[in-house]
$ cat my_file-v1.tsv   # TSV, C-alpha atoms
chain	number	residue	atom	x	y	z
Z	1	MET	CA	-0.75	28.79	-87.92
Z	2	ILE	CA	-3.11	31.24	-86.20
Z	3	ALA	CA	-6.56	29.83	-85.40
Z	4	ALA	CA	-9.58	31.60	-86.87
Z	5	ALA	CA	-11.39	33.95	-84.51
Z	6	ARG	CA	-14.90	33.07	-83.33
Z	7	ILE	CA	-15.80	36.78	-83.35
Z	8	GLN	CA	-16.21	38.24	-86.83
Z	9	GLY	CA	-16.16	41.83	-85.63
Z	10	PRO	CA	-15.92	44.67	-85.82
Z	11	VAL	CA	-15.20	45.15	-82.11
Z	12	ARG	CA	-15.15	48.59	-80.52
Z	13	VAL	CA	-12.92	49.01	-77.44
Z	14	VAL	CA	-13.55	52.04	-75.24
Z	15	GLY	CA	-10.57	52.76	-73.00
Z	16	ALA	CA	-6.97	52.29	-74.13
Z	17	GLY	CA	-5.39	51.29	-70.84
Z	18	LEU	CA	-3.86	47.94	-69.93
Z	19	LEU	CA	-6.96	45.80	-70.48
Z	20	GLY	CA	-8.33	47.69	-73.47
Z	21	THR	CA	-4.99	47.65	-75.26
Z	22	SER	CA	-4.46	43.97	-74.45
Z	23	ILE	CA	-7.89	43.08	-75.82
Z	24	GLY	CA	-7.16	45.07	-78.95
Z	25	LEU	CA	-3.77	43.44	-79.41
Z	26	GLY	CA	-5.17	39.94	-78.94
Z	27	LEU	CA	-8.07	40.42	-81.35
Z	28	THR	CA	-5.99	42.24	-83.97
Z	29	LYS	CA	-3.51	39.36	-83.90
Z	30	LEU	CA	-6.42	37.08	-84.87
Z	31	GLY	CA	-7.40	39.34	-87.76
Z	32	VAL	CA	-10.43	40.88	-86.07
Z	33	GLN	CA	-11.14	44.51	-86.94
Z	34	VAL	CA	-10.79	46.62	-83.77
Z	35	THR	CA	-11.64	50.29	-83.34
Z	36	LEU	CA	-10.41	52.23	-80.33
Z	37	GLU	CA	-11.66	55.20	-78.37
Z	38	ASP	CA	-10.20	56.88	-75.31
Z	39	SER	CA	-10.87	60.18	-73.55
Z	40	SER	CA	-7.12	60.86	-73.66
Z	41	PRO	CA	-5.80	61.55	-77.19
Z	42	ALA	CA	-2.29	60.62	-76.04
Z	43	ASN	CA	-3.41	57.25	-74.66
Z	44	LEU	CA	-5.38	56.57	-77.82
Z	45	LYS	CA	-2.46	57.37	-80.12
Z	46	LEU	CA	-0.14	55.18	-78.05
Z	47	ALA	CA	-2.48	52.19	-78.22
Z	48	ILE	CA	-2.91	52.64	-81.98
Z	49	ASP	CA	0.85	52.95	-82.50
Z	50	TYR	CA	1.27	49.83	-80.40
Z	51	GLY	CA	-0.97	47.90	-82.84
Z	52	ALA	CA	-4.11	47.47	-80.74
Z	53	GLY	CA	-6.50	48.76	-83.41
Z	54	VAL	CA	-7.51	51.80	-85.43
Z	55	ARG	CA	-9.13	55.06	-84.40
Z	56	ALA	CA	-12.93	54.89	-84.11
Z	57	SER	CA	-14.87	57.00	-86.58
Z	58	GLU	CA	-18.45	58.02	-87.38
Z	59	GLY	CA	-20.31	55.34	-89.22
Z	60	ASP	CA	-18.71	52.45	-87.32
Z	61	ASN	CA	-21.14	49.59	-86.78
Z	62	PRO	CA	-19.60	47.31	-84.13
Z	63	ALA	CA	-21.11	43.97	-83.25
Z	64	LEU	CA	-19.50	44.04	-79.82
Z	65	ILE	CA	-18.36	46.91	-77.62
Z	66	VAL	CA	-15.94	46.35	-74.73
Z	67	VAL	CA	-15.85	49.13	-72.14
Z	68	CYS	CA	-12.50	49.28	-70.36
Z	69	VAL	CA	-12.71	52.42	-68.20
Z	70	PRO	CA	-12.34	53.02	-64.42
Z	71	PRO	CA	-15.11	51.53	-62.25
Z	72	ASP	CA	-16.58	54.85	-61.17
Z	73	VAL	CA	-17.51	55.77	-64.76
Z	74	THR	CA	-18.14	52.29	-66.18
Z	75	ALA	CA	-21.94	52.40	-65.89
Z	76	ALA	CA	-22.19	55.85	-67.48
Z	77	VAL	CA	-19.99	54.84	-70.42
Z	78	VAL	CA	-21.85	51.53	-70.91
Z	79	ALA	CA	-25.17	53.40	-70.96
Z	80	ARG	CA	-23.78	55.87	-73.51
Z	81	GLU	CA	-22.55	53.07	-75.76
Z	82	LEU	CA	-25.85	51.19	-75.56
Z	83	GLU	CA	-27.68	54.30	-76.67
Z	84	ALA	CA	-25.24	55.23	-79.43
Z	85	PHE	CA	-25.03	51.73	-80.98
Z	86	SER	CA	-28.50	50.22	-80.91
Z	87	ASN	CA	-27.48	46.93	-82.55
Z	88	ALA	CA	-24.37	46.19	-80.51
Z	89	VAL	CA	-23.84	43.98	-77.48
Z	90	VAL	CA	-21.95	45.88	-74.79
Z	91	THR	CA	-19.76	44.32	-72.12
Z	92	ASP	CA	-17.30	45.77	-69.63
Z	93	VAL	CA	-14.22	44.59	-67.73
Z	94	ALA	CA	-14.80	46.35	-64.39
Z	95	SER	CA	-13.67	44.35	-61.38
Z	96	VAL	CA	-16.93	45.01	-59.53
Z	97	LYS	CA	-20.17	43.87	-61.16
Z	98	ALA	CA	-23.15	44.41	-58.83
Z	99	GLN	CA	-22.74	48.17	-58.55
Z	100	VAL	CA	-22.39	48.62	-62.33
Z	101	LEU	CA	-25.58	46.61	-62.91
Z	102	ALA	CA	-27.47	48.60	-60.25
Z	103	GLU	CA	-26.36	51.93	-61.75
Z	104	LEU	CA	-27.42	50.83	-65.24
Z	105	LYS	CA	-30.87	49.94	-63.92
Z	106	THR	CA	-31.12	53.42	-62.39
Z	107	LEU	CA	-30.07	54.98	-65.69
Z	108	GLY	CA	-32.76	53.01	-67.54
Z	109	ALA	CA	-30.24	51.36	-69.87
Z	110	ASP	CA	-31.19	48.52	-72.21
Z	111	LEU	CA	-29.99	45.63	-70.09
Z	112	SER	CA	-30.92	43.05	-72.72
Z	113	ARG	CA	-27.78	44.05	-74.67
Z	114	TYR	CA	-25.49	44.54	-71.66
Z	115	VAL	CA	-23.52	41.50	-70.48
Z	116	GLY	CA	-21.24	42.19	-67.53
Z	117	SER	CA	-17.85	40.49	-67.57
Z	118	HIS	CA	-14.49	40.56	-65.85
Z	119	PRO	CA	-11.27	38.93	-67.06
Z	120	MET	CA	-9.29	37.74	-64.05
Z	121	ALA	CA	-6.04	39.03	-65.44
Z	122	GLY	CA	-3.93	42.11	-65.04
Z	123	ARG	CA	-0.54	43.52	-64.11
Z	124	GLU	CA	0.68	45.87	-61.40
Z	125	ARG	CA	1.54	48.34	-64.16
Z	126	GLY	CA	-1.16	50.03	-66.20
Z	127	GLY	CA	-1.34	51.90	-69.49
Z	128	ALA	CA	-1.14	50.95	-73.14
Z	129	LEU	CA	2.58	50.16	-73.02
Z	130	SER	CA	1.89	47.41	-70.48
Z	131	GLY	CA	-0.62	45.76	-72.82
Z	132	ARG	CA	0.02	42.20	-73.97
Z	133	ALA	CA	-1.80	40.09	-76.54
Z	134	ASP	CA	-1.42	37.04	-74.28
Z	135	LEU	CA	-2.52	38.74	-71.05
Z	136	PHE	CA	-5.69	36.64	-70.79
Z	137	VAL	CA	-4.33	33.27	-71.88
Z	138	GLY	CA	-5.26	30.54	-69.41
Z	139	ARG	CA	-7.07	32.94	-67.08
Z	140	PRO	CA	-10.73	32.80	-66.01
Z	141	TRP	CA	-13.06	35.32	-67.64
Z	142	VAL	CA	-16.17	35.85	-65.53
Z	143	ILE	CA	-19.42	36.45	-67.40
Z	144	SER	CA	-22.19	37.89	-65.25
Z	145	ALA	CA	-25.30	37.71	-67.42
Z	146	ASN	CA	-28.49	39.37	-66.19
Z	147	SER	CA	-32.07	38.09	-66.41
Z	148	LEU	CA	-32.81	40.09	-69.58
Z	149	ASN	CA	-29.90	38.79	-71.65
Z	150	ALA	CA	-30.65	36.69	-74.70
Z	151	GLY	CA	-28.50	33.66	-75.46
Z	152	PRO	CA	-26.71	35.14	-78.51
Z	153	SER	CA	-25.59	38.20	-76.51
Z	154	VAL	CA	-24.00	36.05	-73.83
Z	155	ALA	CA	-22.47	33.76	-76.46
Z	156	LEU	CA	-20.79	36.74	-78.12
Z	157	VAL	CA	-19.02	37.69	-74.89
Z	158	GLU	CA	-18.06	34.05	-74.37
Z	159	ASP	CA	-16.54	34.05	-77.86
Z	160	LEU	CA	-14.51	37.14	-76.91
Z	161	ALA	CA	-13.07	35.34	-73.88
Z	162	ILE	CA	-12.31	32.18	-75.86
Z	163	ASP	CA	-10.66	34.09	-78.71
Z	164	LEU	CA	-8.34	35.75	-76.19
Z	165	GLY	CA	-7.39	32.39	-74.66
Z	166	SER	CA	-9.48	32.67	-71.49
Z	167	ALA	CA	-11.84	30.19	-69.88
Z	168	PRO	CA	-15.32	31.77	-69.61
Z	169	LEU	CA	-17.13	31.17	-66.32
Z	170	LYS	CA	-20.77	32.14	-65.73
Z	171	VAL	CA	-21.12	33.72	-62.31
Z	172	SER	CA	-23.77	36.12	-61.02
Z	173	ALA	CA	-22.78	39.70	-60.21
Z	174	SER	CA	-23.15	39.22	-56.46
Z	175	GLU	CA	-21.25	35.91	-56.47
Z	176	HIS	CA	-18.48	37.54	-58.49
Z	177	ASP	CA	-18.08	40.43	-56.06
Z	178	ARG	CA	-17.94	38.10	-53.07
Z	179	ALA	CA	-15.30	35.92	-54.73
Z	180	VAL	CA	-13.00	38.73	-55.91
Z	181	ALA	CA	-13.06	40.28	-52.45
Z	182	LEU	CA	-11.19	37.19	-51.24
Z	183	VAL	CA	-8.97	36.36	-54.20
Z	184	SER	CA	-8.14	39.85	-55.50
Z	185	HIS	CA	-9.20	42.84	-53.41
Z	186	VAL	CA	-7.99	41.74	-49.97
Z	187	PRO	CA	-4.66	40.46	-51.39
Z	188	GLN	CA	-4.13	43.97	-52.78
Z	189	LEU	CA	-4.67	45.50	-49.35
Z	190	VAL	CA	-2.47	42.95	-47.59
Z	191	SER	CA	0.33	43.57	-50.10
Z	192	SER	CA	-0.01	47.33	-49.72
Z	193	LEU	CA	0.00	47.20	-45.92
Z	194	LEU	CA	3.10	45.00	-45.88
Z	195	ALA	CA	4.91	47.23	-48.37
Z	196	ALA	CA	3.98	50.27	-46.28
Z	197	ARG	CA	6.04	48.82	-43.39
Z	198	LEU	CA	9.11	49.42	-45.57
Z	199	VAL	CA	8.63	53.19	-45.74
Z	200	GLU	CA	10.05	53.87	-42.28
Z	201	ALA	CA	12.28	50.80	-42.18
Z	202	ASP	CA	16.04	51.05	-41.87
Z	203	ALA	CA	17.70	50.96	-45.29
Z	204	ALA	CA	20.11	48.28	-44.11
Z	205	ASP	CA	17.17	46.05	-43.18
Z	206	VAL	CA	15.47	46.56	-46.55
Z	207	SER	CA	18.71	45.68	-48.34
Z	208	LEU	CA	18.32	42.11	-47.05
Z	209	ALA	CA	15.06	41.66	-48.96
Z	210	GLY	CA	14.70	38.36	-50.78
Z	211	GLN	CA	12.20	36.87	-53.17
Z	212	GLY	CA	9.61	36.32	-50.47
Z	213	LEU	CA	9.21	40.05	-49.90
Z	214	ARG	CA	9.21	40.74	-53.62
Z	215	ASP	CA	6.50	38.12	-54.21
Z	216	THR	CA	4.22	39.42	-51.48
Z	217	THR	CA	4.61	43.12	-52.29
Z	218	ARG	CA	4.61	43.00	-56.11
Z	219	ILE	CA	1.02	44.18	-56.50
Z	220	ALA	CA	1.55	46.97	-53.98
Z	221	ALA	CA	2.92	48.92	-56.96
Z	222	SER	CA	-0.60	49.08	-58.44
Z	223	ASP	CA	-2.43	52.35	-59.09
Z	224	PRO	CA	-3.87	53.67	-55.77
Z	225	LYS	CA	-6.55	55.75	-57.48
Z	226	LEU	CA	-7.91	52.77	-59.37
Z	227	TRP	CA	-7.89	50.58	-56.30
Z	228	LEU	CA	-9.65	53.21	-54.22
Z	229	GLN	CA	-12.52	53.05	-56.70
Z	230	ILE	CA	-12.57	49.23	-56.67
Z	231	LEU	CA	-12.52	48.97	-52.88
Z	232	THR	CA	-15.19	51.64	-52.49
Z	233	ALA	CA	-17.49	49.80	-54.90
Z	234	ASN	CA	-16.96	46.43	-53.18
Z	235	SER	CA	-16.53	47.53	-49.57
Z	236	THR	CA	-19.41	45.42	-48.25
Z	237	GLU	CA	-17.73	42.23	-49.49
Z	238	VAL	CA	-14.15	43.22	-48.62
Z	239	ALA	CA	-14.85	44.22	-45.01
Z	240	PRO	CA	-15.94	40.73	-43.77
Z	241	VAL	CA	-12.82	39.11	-45.24
Z	242	LEU	CA	-10.65	41.72	-43.53
Z	243	LYS	CA	-12.53	41.13	-40.25
Z	244	ALA	CA	-11.72	37.40	-40.41
Z	245	LEU	CA	-8.09	38.21	-41.19
Z	246	GLU	CA	-8.05	40.67	-38.30
Z	247	ALA	CA	-9.18	37.90	-35.93
Z	248	ASP	CA	-6.47	35.57	-37.22
Z	249	LEU	CA	-3.82	38.26	-36.79
Z	250	HIS	CA	-5.00	39.06	-33.27
Z	251	SER	CA	-4.73	35.40	-32.28
Z	252	LEU	CA	-1.28	35.12	-33.84
Z	253	VAL	CA	0.01	38.29	-32.17
Z	254	GLU	CA	-1.20	37.11	-28.77
Z	255	SER	CA	0.56	33.79	-29.24
Z	256	LEU	CA	3.84	35.37	-30.34
Z	257	GLU	CA	3.78	37.85	-27.45
Z	258	ASN	CA	3.27	34.95	-25.06
Z	259	ILE	CA	5.20	32.28	-26.89
Z	260	ASP	CA	6.09	30.35	-23.70
Z	261	GLN	CA	2.46	29.91	-22.66
Z	262	ALA	CA	0.71	26.62	-23.28
Z	263	GLY	CA	-0.92	26.44	-26.67
Z	264	SER	CA	0.95	29.37	-28.23
Z	265	LEU	CA	3.19	27.27	-30.45
Z	266	ALA	CA	0.22	25.19	-31.52
Z	267	THR	CA	-1.63	28.35	-32.60
Z	268	VAL	CA	1.32	29.50	-34.70
Z	269	SER	CA	1.73	26.03	-36.17
Z	270	ARG	CA	-1.96	25.82	-37.11
Z	271	ALA	CA	-1.73	29.16	-38.89
Z	272	LEU	CA	1.24	28.02	-40.97
Z	273	GLU	CA	-0.31	24.64	-41.77
Z	274	ALA	CA	-3.60	26.29	-42.77
Z	275	GLY	CA	-1.60	28.43	-45.15
Z	276	ASN	CA	-0.16	25.29	-46.74
Z	277	ARG	CA	-3.63	23.88	-47.25
Z	278	GLY	CA	-4.88	27.14	-48.70
Z	279	VAL	CA	-2.05	27.42	-51.22
Z	280	GLU	CA	-2.78	23.89	-52.42
Z	281	ARG	CA	-6.24	25.05	-53.47
Z	282	ILE	CA	-4.94	27.80	-55.75
Z	283	PRO	CA	-4.95	26.70	-59.39
Z	284	GLY	CA	-1.83	27.37	-61.43
Z	285	LYS	CA	1.76	28.21	-60.76
Z	286	HIS	CA	1.94	28.39	-56.97
Z	287	GLY	CA	-0.90	26.04	-56.11
Z	288	THR	CA	-1.98	22.50	-56.92
Z	289	LYS	CA	-0.28	22.56	-60.29
Z	290	ALA	CA	3.14	23.41	-58.89
Z	291	ALA	CA	2.70	20.91	-56.08
Z	292	THR	CA	2.58	18.08	-58.65
Z	293	TYR	CA	5.85	19.12	-60.30
Z	294	ALA	CA	9.44	18.47	-59.34
Z	295	GLN	CA	11.55	21.54	-58.64
Z	296	VAL	CA	15.07	21.87	-60.03
Z	297	VAL	CA	16.94	24.97	-58.85
Z	298	VAL	CA	19.79	26.08	-61.14
Z	299	MET	CA	22.40	28.70	-60.21
Z	300	ILE	CA	23.27	31.06	-63.06
Z	301	ALA	CA	25.89	33.77	-63.31
Z	302	ASP	CA	24.63	37.36	-63.35
Z	303	LYS	CA	25.79	38.18	-66.86
Z	304	PRO	CA	24.10	38.67	-70.25
Z	305	GLY	CA	22.95	35.58	-72.12
Z	306	GLU	CA	23.07	33.07	-69.26
Z	307	LEU	CA	19.32	32.68	-68.89
Z	308	GLY	CA	18.86	32.20	-72.62
Z	309	ARG	CA	21.68	29.65	-72.68
Z	310	LEU	CA	20.02	27.71	-69.87
Z	311	PHE	CA	16.68	27.60	-71.68
Z	312	ASN	CA	18.33	26.51	-74.91
Z	313	GLU	CA	20.18	23.68	-73.21
Z	314	VAL	CA	17.06	22.49	-71.36
Z	315	GLY	CA	15.41	22.35	-74.79
Z	316	GLU	CA	18.32	20.39	-76.21
Z	317	ILE	CA	18.02	17.93	-73.33
Z	318	GLY	CA	14.39	17.45	-74.37
Z	319	VAL	CA	12.68	18.48	-71.13
Z	320	ASN	CA	9.64	20.76	-71.07
Z	321	ILE	CA	9.58	23.51	-68.44
Z	322	GLU	CA	6.08	23.47	-66.93
Z	323	GLU	CA	6.54	26.48	-64.62
Z	324	LEU	CA	9.34	28.96	-63.98
Z	325	LYS	CA	10.41	31.25	-61.14
Z	326	LEU	CA	13.42	33.57	-60.91
Z	327	GLU	CA	15.13	34.77	-57.76
Z	328	HIS	CA	17.88	37.33	-57.81
Z	329	SER	CA	19.24	39.89	-55.40
Z	330	PRO	CA	20.73	43.00	-57.08
Z	331	SER	CA	23.91	42.67	-55.04
Z	332	ALA	CA	24.45	38.96	-55.71
Z	333	PRO	CA	26.76	37.69	-58.49
Z	334	VAL	CA	24.43	34.77	-59.21
Z	335	GLY	CA	20.72	34.16	-59.60
Z	336	LEU	CA	18.51	31.17	-58.92
Z	337	VAL	CA	16.21	29.77	-61.59
Z	338	GLU	CA	13.52	27.44	-60.27
Z	339	LEU	CA	12.45	25.05	-63.02
Z	340	TYR	CA	9.28	23.03	-62.46
Z	341	VAL	CA	9.20	19.82	-64.49
Z	342	LEU	CA	7.39	16.51	-64.48
Z	343	PRO	CA	8.78	14.22	-61.75
Z	344	SER	CA	9.58	11.54	-64.33
Z	345	VAL	CA	12.23	13.76	-65.99
Z	346	GLU	CA	13.66	15.42	-62.88
Z	347	GLN	CA	16.74	13.23	-62.51
Z	348	LYS	CA	17.51	13.29	-66.24
Z	349	LEU	CA	17.41	17.10	-66.22
Z	350	ILE	CA	19.68	17.33	-63.17
Z	351	THR	CA	22.19	14.83	-64.56
Z	352	ASP	CA	22.34	16.38	-68.03
Z	353	LEU	CA	22.59	19.96	-66.72
Z	354	GLU	CA	25.43	19.01	-64.36
Z	355	GLU	CA	27.24	17.32	-67.25
Z	356	ARG	CA	26.98	20.59	-69.14
Z	357	GLY	CA	28.54	22.48	-66.25
Z	358	TRP	CA	25.47	23.92	-64.56
Z	359	LYS	CA	25.40	24.01	-60.78
Z	360	ILE	CA	22.26	22.62	-59.17
Z	361	ALA	CA	21.32	24.22	-55.83
Z	362	GLY	CA	19.93	22.13	-53.01

$ encode --input "my_file-v1.tsv" --output "structure tokens"
Amino acid sequence: MIAAARIQGPVRVVGAGLLGTSIGLGLTKLGVQVTLEDSSPANLKLAIDYGAGVRASEGDNPALIVVCVPPDVTAAVVARELEAFSNAVVTDVASVKAQVLAELKTLGADLSRYVGSHPMAGRERGGALSGRADLFVGRPWVISANSLNAGPSVALVEDLAIDLGSAPLKVSASEHDRAVALVSHVPQLVSSLLAARLVEADAADVSLAGQGLRDTTRIAASDPKLWLQILTANSTEVAPVLKALEADLHSLVESLENIDQAGSLATVSRALEAGNRGVERIPGKHGTKAATYAQVVVMIADKPGELGRLFNEVGEIGVNIEELKLEHSPSAPVGLVELYVLPSVEQKLITDLEERGWKIAG
């Protein structure tokens, strides 16, 4: 049974890319009326065909407008929407908040009906076809209210986040930009720089790539044009984090170049141990949550249906999979499935899977 939506609608979504389409899909699934607009007729048609909403038309009277356009035009589009729909609350999903707010002030926009927000969710692939109704489930949704916002306007954006399965967090625009520099923007640059080392690498070396490289370079496949806009808008917050990372790298390089000198091994060890402590602070799959689970690694044959069969049999055993990770090299005849389960059921899962013929690694 689908829960009733908090938002009654209609909701107007401007921008039919990944986030706009995902918002439309999630709300439509709840029965909320969604209208879509995009500057690209092809993108708009694709999002509509995908089920994210219907085409916007004259006479629409949305209660909430969600602007999902690139950061460099977000303020201009928000200002346009505020002027065109005088009774609507307008929010946006741009990943930088302070600059958008400053530009809206310069444009003289009605800030009482603008509530900045940013869902901390996304994928390395963009566009309507990458949209997912569950994209925001379990993810933080930052709400950066300004001093002119009335309570009902903020509550409406909170309802949007809750309806889509997110956890709304109230954070000021400046605090948001400082935080995302560390947890989103610098990771993008680090991933891109590491992936760039592969361009001139020997093909034989790259062929040895394992899951570690895939994990750390996954987001390097993101849209460079979009990220250029994001980094430009948040450069003052990104630069200090990169400076600190630069100092850490310099210290590590010096130690590795002089590994036999006193203190070098200790420096390398401290860097690795600090990384352990940092990972433990990350909520979710790879952080504190995963650290409390037992890991069971199952080897599966690289052939159709094996992964589904494994999941079915784990279900038959009566064990819930809390987290999941797959590792597979294209040239290998087998893959590794890392199942994270509660420690209390670890041994039962291992025993029952082995009885069913599964091979447990490690």

$ closest_residue --input "my_file-v1.tsv" --among "Z:Ala5, Z:Ile65, Z:Val190, Z:Ala204" --to "Val90 in chain Z" --atoms "only C-alpha atoms"
Z:Ile65

$ closest_residue --input "my_file-v1.tsv" --among "Z:Leu310, Z:Ala109, Z:Val142, Z:Val253" --to "Asp352 in chain Z" --atoms "only C-alpha atoms"
Z:Leu310

$ atom_distance --input "my_file-v1.tsv" --atom1 "CA of His118 in chain Z" --atom2 "CA of Val67 in chain Z"
10.7 Å

$ closest_residue --input "my_file-v1.tsv" --among "Z:Pro119, Z:Pro187, Z:Pro41, Z:Gly263" --to "Thr217 in chain Z" --atoms "only C-alpha atoms"
Z:Pro187

$ residues_around --input "my_file-v1.tsv" --residues "Ile7 in chain Z" --least-positions-apart "3" --cutoff "10 Å" --atoms "all atoms listed in the file" --output "PyMOL selection string"
chain Z and resi 4+10-11+27+30-33+63-64+156-163

$ closest_residue --input "my_file-v1.tsv" --among "Z:Leu19, Z:Leu339, Z:Val77, Z:Ala52" --to "Ser39 in chain Z" --atoms "all atoms listed in the file"
Z:Val77

$ closest_residue --input "my_file-v1.tsv" --among "Z:Ala209, Z:Ala233, Z:Ile300, Z:Val137" --to "Gly26 in chain Z" --atoms "only C-alpha atoms"
Z:Val137

$ atom_distance --input "my_file-v1.tsv" --atom1 "CA of Pro168 in chain Z" --atom2 "CA of Trp141 in chain Z"
4.6 Å

$ atom_distance --input "my_file-v1.tsv" --atom1 "CA of Val154 in chain Z" --atom2 "CA of Val238 in chain Z"
28.0 Å

$ residues_around --input "my_file-v1.tsv" --residues "Val100 in chain Z" --least-positions-apart "2" --cutoff "8 Å" --atoms "all atoms listed in the file" --output "number ranges by chain"
Z: 71, 74-75, 96-98, 102-104

$ residues_around --input "my_file-v1.tsv" --residues "Gly126 in chain Z" --least-positions-apart "3" --cutoff "8 Å" --atoms "all atoms listed in the file" --output "list in words"
Gly17, Leu18, Arg123, Leu129, Ser130, Gly131, Ser222 and Asp223 of chain Z

$ write_last_selection --input "my_file-v1.tsv" --atoms "C-alpha atoms" --output "PDB file, keeping the file's coordinate frame"
ATOM      1  CA  GLY Z  17      -5.390  51.290 -70.840  1.00  0.00           C
ATOM      2  CA  LEU Z  18      -3.860  47.940 -69.930  1.00  0.00           C
ATOM      3  CA  ARG Z 123      -0.540  43.520 -64.110  1.00  0.00           C
ATOM      4  CA  LEU Z 129       2.580  50.160 -73.020  1.00  0.00           C
ATOM      5  CA  SER Z 130       1.890  47.410 -70.480  1.00  0.00           C
ATOM      6  CA  GLY Z 131      -0.620  45.760 -72.820  1.00  0.00           C
ATOM      7  CA  SER Z 222      -0.600  49.080 -58.440  1.00  0.00           C
ATOM      8  CA  ASP Z 223      -2.430  52.350 -59.090  1.00  0.00           C
TER       9      ASP Z 223
END

$ residues_around --input "my_file-v1.tsv" --residues "range 270-276 of chain Z" --least-positions-apart "2" --cutoff "12 Å" --atoms "all atoms listed in the file" --output "ChimeraX atom specification"
/Z:245,247-253,255-256,263-268,278-282,286-288,291

$ write_last_selection --input "my_file-v1.tsv" --atoms "C-alpha atoms" --output "PDB file, in the frame of the given file"
ATOM      1  CA  LEU Z 245      -8.090  38.210 -41.190  1.00  0.00           C
ATOM      2  CA  ALA Z 247      -9.180  37.900 -35.930  1.00  0.00           C
ATOM      3  CA  ASP Z 248      -6.470  35.570 -37.220  1.00  0.00           C
ATOM      4  CA  LEU Z 249      -3.820  38.260 -36.790  1.00  0.00           C
ATOM      5  CA  HIS Z 250      -5.000  39.060 -33.270  1.00  0.00           C
ATOM      6  CA  SER Z 251      -4.730  35.400 -32.280  1.00  0.00           C
ATOM      7  CA  LEU Z 252      -1.280  35.120 -33.840  1.00  0.00           C
ATOM      8  CA  VAL Z 253       0.010  38.290 -32.170  1.00  0.00           C
ATOM      9  CA  SER Z 255       0.560  33.790 -29.240  1.00  0.00           C
ATOM     10  CA  LEU Z 256       3.840  35.370 -30.340  1.00  0.00           C
ATOM     11  CA  GLY Z 263      -0.920  26.440 -26.670  1.00  0.00           C
ATOM     12  CA  SER Z 264       0.950  29.370 -28.230  1.00  0.00           C
ATOM     13  CA  LEU Z 265       3.190  27.270 -30.450  1.00  0.00           C
ATOM     14  CA  ALA Z 266       0.220  25.190 -31.520  1.00  0.00           C
ATOM     15  CA  THR Z 267      -1.630  28.350 -32.600  1.00  0.00           C
ATOM     16  CA  VAL Z 268       1.320  29.500 -34.700  1.00  0.00           C
ATOM     17  CA  GLY Z 278      -4.880  27.140 -48.700  1.00  0.00           C
ATOM     18  CA  VAL Z 279      -2.050  27.420 -51.220  1.00  0.00           C
ATOM     19  CA  GLU Z 280      -2.780  23.890 -52.420  1.00  0.00           C
ATOM     20  CA  ARG Z 281      -6.240  25.050 -53.470  1.00  0.00           C
ATOM     21  CA  ILE Z 282      -4.940  27.800 -55.750  1.00  0.00           C
ATOM     22  CA  HIS Z 286       1.940  28.390 -56.970  1.00  0.00           C
ATOM     23  CA  GLY Z 287      -0.900  26.040 -56.110  1.00  0.00           C
ATOM     24  CA  THR Z 288      -1.980  22.500 -56.920  1.00  0.00           C
ATOM     25  CA  ALA Z 291       2.700  20.910 -56.080  1.00  0.00           C
TER      26      ALA Z 291
END

$ closest_residue --input "my_file-v1.tsv" --among "Z:Glu316, Z:Glu37, Z:Glu83, Z:Asp177" --to "Ser235 in chain Z" --atoms "only C-alpha atoms"
Z:Asp177
